[in-house]
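Notes for the one structure printed next.
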Amino acid sequence: MAEDGTVTLYNTTHITDPNQNPFSFKVGLSQTLRGGTIFQVSNLQQAKIAEEAGARAIIVSDPRHEGISRMPDPSLVKDIKRVVSVPVVARARVGHFVEAQILETIGVDYIDESEELGVADHRNFINKHNFRTPFVCGSRNLGEALRRIREGAAMIRTQGDLEGSGNIVETVKNVRSVMGDVRVLSSMDEDEVFAFSKKIEAPYDLVVQTKQLGRLPVVNFAAGGIVTPADAALMMQLGCDGVFVGSEVFDSPNPFKRVRGIVQAVRHYNDPHVLVETSFGLSLDDEMEGLNLGDNRIEPFGGGVEEL
């Protein structure tokens, strides 16, 4: 956040001096990811496939395992950084500022304060203004998104399913909630904005800026349950700036084709001919078929994190 408490306007092309306005600089870096796809990877092979298929960035995560999920092994992050040229994102637990310090020290391009990992602090999020590295944070609604921005998040991840189930319904619900609230806010009388900011428990100045812009002040990606080109294009047509895709897409019989198809769908989300082409031949194998779960399998967001 800038020293005066305001966020640099989203649609500006000017990035201020990072020594005078570091948050503005981090927001500008995050805007370079607009219109792209970020893939979660857990090994070097997946990282290479994602880069070759056109990923805008990759997010490094340890393979799923029983017990508490923590930040990825720094050696894995460094190994992946050596073999790819795209930006590398790594996850830290909610509230675990020491994990974030470690990730910044090894030179990641972005830090994701992720509710997909075990929660380190149920009441306090990381003060992201204390870091030079831009932060990504998850949210389910407009109020959460603006609170995370106030804490220093330079990019928002509107989050749905956290279980890697391939069920996109929660993501659609949350993206529509954010976009719907922004539309309502845009048509409000100035006098109504005070009450609205209290209702959603968001900083007033950021609510005003969101109203002026007609969108979030920072880049907004969708995440959760996105496993097909059609899923990715749906998120883009709903108004997102890009998508996060889980590592389950690499379980496909032809992971490069699936990853490439999703990348192309994000780039050409309004072109039905491209979407048809990217969807051809992506039959699911047995493992990916098991991702399609019923609505009753959707878990609550955030693992019990108490919102501030």
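Ligands are numbered from 1 in the order shown, residues from 1 within each chain, and chains are lettered A, B, ... in the order they appear in the structure tokens.
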
Looking only at alpha helix (DSSP H) from DSSP on the backbone, list the matching residues of range 135-195 of chain A as a tab-separated table (two decimals) with N, CA, C and O atoms, in the first residue's frame.
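The file below, part_11.tsv, is the result:
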chain	number	residue	atom	x	y	z
A	142	LEU	N	-15.87	-10.00	-2.19
A	142	LEU	CA	-15.26	-8.69	-2.36
A	142	LEU	C	-14.66	-8.16	-1.07
A	142	LEU	O	-13.56	-7.60	-1.08
A	143	GLY	N	-15.35	-8.34	0.04
A	143	GLY	CA	-14.83	-7.86	1.32
A	143	GLY	C	-13.49	-8.48	1.66
A	143	GLY	O	-12.54	-7.79	2.06
A	144	GLU	N	-13.38	-9.81	1.52
A	144	GLU	CA	-12.11	-10.48	1.79
A	144	GLU	C	-11.02	-9.98	0.87
A	144	GLU	O	-9.87	-9.76	1.29
A	145	ALA	N	-11.35	-9.82	-0.41
A	145	ALA	CA	-10.35	-9.38	-1.38
A	145	ALA	C	-9.78	-8.02	-0.98
A	145	ALA	O	-8.55	-7.81	-0.99
A	146	LEU	N	-10.64	-7.08	-0.60
A	146	LEU	CA	-10.17	-5.73	-0.26
A	146	LEU	C	-9.41	-5.73	1.06
A	146	LEU	O	-8.47	-4.93	1.24
A	147	ARG	N	-9.77	-6.62	1.99
A	147	ARG	CA	-8.99	-6.71	3.23
A	147	ARG	C	-7.59	-7.24	2.96
A	147	ARG	O	-6.61	-6.79	3.56
A	148	ARG	N	-7.49	-8.21	2.06
A	148	ARG	CA	-6.16	-8.74	1.73
A	148	ARG	C	-5.33	-7.67	1.00
A	148	ARG	O	-4.12	-7.58	1.21
A	149	ILE	N	-5.97	-6.86	0.17
A	149	ILE	CA	-5.24	-5.79	-0.51
A	149	ILE	C	-4.73	-4.77	0.51
A	149	ILE	O	-3.61	-4.28	0.41
A	150	ARG	N	-5.56	-4.44	1.50
A	150	ARG	CA	-5.12	-3.51	2.55
A	150	ARG	C	-3.88	-4.05	3.26
A	150	ARG	O	-2.98	-3.29	3.64
A	151	GLU	N	-3.78	-5.37	3.43
A	151	GLU	CA	-2.62	-5.99	4.09
A	151	GLU	C	-1.40	-6.02	3.18
A	151	GLU	O	-0.30	-6.34	3.64
A	169	VAL	N	-17.87	-25.69	-9.33
A	169	VAL	CA	-19.07	-24.98	-8.90
A	169	VAL	C	-18.77	-23.92	-7.85
A	169	VAL	O	-19.33	-22.81	-7.89
A	170	GLU	N	-17.88	-24.19	-6.90
A	170	GLU	CA	-17.59	-23.22	-5.86
A	170	GLU	C	-16.82	-22.02	-6.42
A	170	GLU	O	-17.02	-20.89	-5.98
A	171	THR	N	-15.97	-22.27	-7.39
A	171	THR	CA	-15.23	-21.17	-8.02
A	171	THR	C	-16.19	-20.25	-8.77
A	171	THR	O	-16.09	-19.02	-8.67
A	172	VAL	N	-17.11	-20.83	-9.52
A	172	VAL	CA	-18.10	-20.02	-10.25
A	172	VAL	C	-18.92	-19.19	-9.27
A	172	VAL	O	-19.14	-17.99	-9.48
A	173	LYS	N	-19.34	-19.81	-8.19
A	173	LYS	CA	-20.13	-19.10	-7.18
A	173	LYS	C	-19.38	-17.88	-6.64
A	173	LYS	O	-19.93	-16.77	-6.54
A	174	ASN	N	-18.11	-18.07	-6.28
A	174	ASN	CA	-17.34	-16.98	-5.67
A	174	ASN	C	-16.97	-15.90	-6.67
A	174	ASN	O	-16.99	-14.71	-6.34
A	175	VAL	N	-16.63	-16.29	-7.90
A	175	VAL	CA	-16.33	-15.29	-8.93
A	175	VAL	C	-17.57	-14.46	-9.22
A	175	VAL	O	-17.50	-13.23	-9.32
A	176	ARG	N	-18.72	-15.10	-9.35
A	176	ARG	CA	-19.96	-14.35	-9.59
A	176	ARG	C	-20.28	-13.42	-8.42
A	176	ARG	O	-20.81	-12.32	-8.61
A	177	SER	N	-20.00	-13.86	-7.20
A	177	SER	CA	-20.23	-13.02	-6.03
A	177	SER	C	-19.40	-11.75	-6.09
A	177	SER	O	-19.91	-10.64	-5.88
A	178	VAL	N	-18.11	-11.89	-6.40
A	178	VAL	CA	-17.22	-10.72	-6.49
A	178	VAL	C	-17.67	-9.79	-7.61
A	178	VAL	O	-17.83	-8.58	-7.41
A	179	MET	N	-17.89	-10.36	-8.79
A	179	MET	CA	-18.26	-9.53	-9.94
A	179	MET	C	-19.62	-8.86	-9.72
A	179	MET	O	-19.84	-7.71	-10.11
A	180	GLY	N	-20.54	-9.59	-9.09
A	180	GLY	CA	-21.86	-9.03	-8.82
A	180	GLY	C	-21.79	-7.87	-7.85
A	180	GLY	O	-22.44	-6.83	-8.06
A	181	ASP	N	-20.99	-8.00	-6.80
A	181	ASP	CA	-20.84	-6.92	-5.83
A	181	ASP	C	-20.19	-5.69	-6.46
A	181	ASP	O	-20.53	-4.55	-6.13
A	182	VAL	N	-19.23	-5.92	-7.36
A	182	VAL	CA	-18.58	-4.79	-8.03
A	182	VAL	C	-19.59	-4.05	-8.91
A	182	VAL	O	-19.62	-2.81	-8.94
A	183	ARG	N	-20.45	-4.80	-9.60
A	183	ARG	CA	-21.48	-4.14	-10.43
A	183	ARG	C	-22.45	-3.34	-9.57
A	183	ARG	O	-22.84	-2.23	-9.93
A	184	VAL	N	-22.86	-3.91	-8.45
A	184	VAL	CA	-23.76	-3.20	-7.54
A	184	VAL	C	-23.09	-1.93	-7.03
A	184	VAL	O	-23.68	-0.84	-7.00
A	185	LEU	N	-21.84	-2.06	-6.62
A	185	LEU	CA	-21.09	-0.91	-6.11
A	185	LEU	C	-20.96	0.18	-7.16
A	185	LEU	O	-21.08	1.38	-6.86
A	186	SER	N	-20.72	-0.19	-8.40
A	186	SER	CA	-20.51	0.79	-9.47
A	186	SER	C	-21.73	1.67	-9.70
A	186	SER	O	-21.60	2.82	-10.14
A	190	GLU	N	-23.02	7.92	-4.08
A	190	GLU	CA	-21.84	8.11	-3.23
A	190	GLU	C	-22.18	7.95	-1.75
A	190	GLU	O	-21.38	7.42	-0.97
A	191	ASP	N	-23.36	8.39	-1.35
A	191	ASP	CA	-23.74	8.30	0.06
A	191	ASP	C	-23.93	6.87	0.53
A	191	ASP	O	-23.88	6.59	1.72
A	192	GLU	N	-24.18	5.95	-0.40
A	192	GLU	CA	-24.43	4.57	-0.03
A	192	GLU	C	-23.14	3.77	0.16
A	192	GLU	O	-23.15	2.69	0.73
A	193	VAL	N	-22.02	4.33	-0.31
A	193	VAL	CA	-20.76	3.59	-0.27
A	193	VAL	C	-20.29	3.38	1.16
A	193	VAL	O	-19.72	2.33	1.50
A	194	PHE	N	-20.52	4.34	2.04
A	194	PHE	CA	-20.12	4.18	3.44
A	194	PHE	C	-20.77	2.95	4.06
A	194	PHE	O	-20.12	2.11	4.69
A	195	ALA	N	-22.09	2.84	3.87
A	195	ALA	CA	-22.81	1.70	4.43
A	195	ALA	C	-22.37	0.39	3.80
A	195	ALA	O	-22.25	-0.64	4.47

Would you give me, as JSON lines, each residue of range 133-229 of chain A having an atom within 12 Å of an atom of range 89-98 of chain A, along with its shortest atom pair and that distance in Å to one decimal, using only C-alpha atoms and sorting by chain and residue number?
{"residue": "A:Thr133", "atom": "CA", "partner": "A:Val89", "partner_atom": "CA", "distance": 10.1}
{"residue": "A:Pro134", "atom": "CA", "partner": "A:Val89", "partner_atom": "CA", "distance": 9.7}
{"residue": "A:Phe135", "atom": "CA", "partner": "A:Val89", "partner_atom": "CA", "distance": 9.2}
{"residue": "A:Val136", "atom": "CA", "partner": "A:Val89", "partner_atom": "CA", "distance": 8.9}
{"residue": "A:Cys137", "atom": "CA", "partner": "A:Val94", "partner_atom": "CA", "distance": 9.1}
{"residue": "A:Gly138", "atom": "CA", "partner": "A:Val94", "partner_atom": "CA", "distance": 10.0}
{"residue": "A:Arg148", "atom": "CA", "partner": "A:Val94", "partner_atom": "CA", "distance": 11.5}
{"residue": "A:Glu151", "atom": "CA", "partner": "A:Gly95", "partner_atom": "CA", "distance": 11.5}
{"residue": "A:Met155", "atom": "CA", "partner": "A:Val89", "partner_atom": "CA", "distance": 12.0}

Range 23-267 of chain A: which residues are strand (DSSP E or B) by DSSP, as number ranges by chain? A: 37-41, 57-60, 88-93, 110-114, 135-139, 155-159, 219-223, 242-245

Report as a PyMOL selection string all protein, DNA and RNA residues lying within 10 Å of range 51-54 of chain A, evaluated on only C-alpha atoms, omitting residues in the same chain fewer than 6 positions from it. chain A and resi 36-39+83-87+255-264

For those residues, write N, CA and C atoms to a file as a short mmCIF file (atom, residue, chain, number, x, y, z; two decimals), in the first residue's frame.
data_model
loop_
_atom_site.label_atom_id
_atom_site.label_comp_id
_atom_site.auth_asym_id
_atom_site.auth_seq_id
_atom_site.Cartn_x
_atom_site.Cartn_y
_atom_site.Cartn_z
N GLY A 36 -2.95 -14.55 -18.45
CA GLY A 36 -2.12 -15.75 -18.44
C GLY A 36 -2.68 -16.85 -17.56
N THR A 37 -1.98 -17.98 -17.61
CA THR A 37 -2.34 -19.15 -16.83
C THR A 37 -1.16 -19.53 -15.94
N ILE A 38 -1.44 -19.80 -14.68
CA ILE A 38 -0.41 -20.19 -13.72
C ILE A 38 -0.69 -21.63 -13.31
N PHE A 39 0.29 -22.50 -13.52
CA PHE A 39 0.11 -23.93 -13.25
C PHE A 39 0.87 -24.33 -11.99
N VAL A 83 15.68 -24.23 -14.14
CA VAL A 83 15.34 -24.86 -15.42
C VAL A 83 14.23 -24.15 -16.18
N VAL A 84 13.59 -23.14 -15.57
CA VAL A 84 12.53 -22.41 -16.27
C VAL A 84 12.86 -20.93 -16.29
N SER A 85 12.29 -20.23 -17.26
CA SER A 85 12.52 -18.80 -17.37
C SER A 85 11.28 -17.98 -17.00
N VAL A 86 10.14 -18.64 -16.79
CA VAL A 86 8.93 -17.93 -16.39
C VAL A 86 8.98 -17.63 -14.90
N PRO A 87 8.18 -16.65 -14.43
CA PRO A 87 8.17 -16.36 -12.99
C PRO A 87 7.76 -17.57 -12.16
N PRO A 255 -0.44 -34.76 -20.84
CA PRO A 255 -0.46 -33.52 -20.05
C PRO A 255 -0.11 -32.28 -20.86
N PHE A 256 0.82 -32.40 -21.82
CA PHE A 256 1.18 -31.21 -22.61
C PHE A 256 -0.03 -30.70 -23.38
N LYS A 257 -0.79 -31.61 -24.00
CA LYS A 257 -1.94 -31.20 -24.79
C LYS A 257 -2.99 -30.53 -23.91
N ARG A 258 -3.21 -31.08 -22.72
CA ARG A 258 -4.20 -30.48 -21.82
C ARG A 258 -3.73 -29.11 -21.34
N VAL A 259 -2.49 -29.03 -20.93
CA VAL A 259 -1.96 -27.76 -20.44
C VAL A 259 -1.97 -26.71 -21.56
N ARG A 260 -1.53 -27.11 -22.75
CA ARG A 260 -1.54 -26.20 -23.88
C ARG A 260 -2.96 -25.76 -24.24
N GLY A 261 -3.91 -26.68 -24.16
CA GLY A 261 -5.30 -26.34 -24.45
C GLY A 261 -5.85 -25.31 -23.48
N ILE A 262 -5.49 -25.43 -22.20
CA ILE A 262 -5.97 -24.47 -21.21
C ILE A 262 -5.33 -23.10 -21.45
N VAL A 263 -4.04 -23.09 -21.77
CA VAL A 263 -3.36 -21.83 -22.07
C VAL A 263 -4.03 -21.13 -23.25
N GLN A 264 -4.31 -21.88 -24.31
CA GLN A 264 -4.95 -21.28 -25.49
C GLN A 264 -6.37 -20.82 -25.19
#

Which residue of A:Pro63, A:Pro22, A:Pro217, A:Pro272 approaches Lys128 in chain A most closely, using only C-alpha atoms: A:Pro22

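Computed from the coordinates, the CA of Ala47 in chain A to CA of Ile59 in chain A distance equals 8.9 Å.
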
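Picture a line from CA of Gly118 in chain A to CA of Phe25 in chain A; it runs 29.6 Å.
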
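Our summary of the geometry notes that CA of Tyr110 in chain A is positioned 6.6 Å from CA of Val88 in chain A.
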
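Each of A:Asn43, A:Gln101, A:Asn220, A:Ser279 was compared to Leu76 in chain A using only C-alpha atoms, and A:Asn43 turns out to be the nearest.
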
Pick out the residues sitting within 9 Å of Pro74 in chain A, and hand them over as a count of residues only; count only C-alpha atoms, and ignore anything fewer than 5 positions along from it in its own chain. 4

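Of the listed residues (A:Gly239, A:Lys26, A:Phe250, A:Asn130), A:Gly239 comes nearest to Gly214 in chain A; the distances count only C-alpha atoms.
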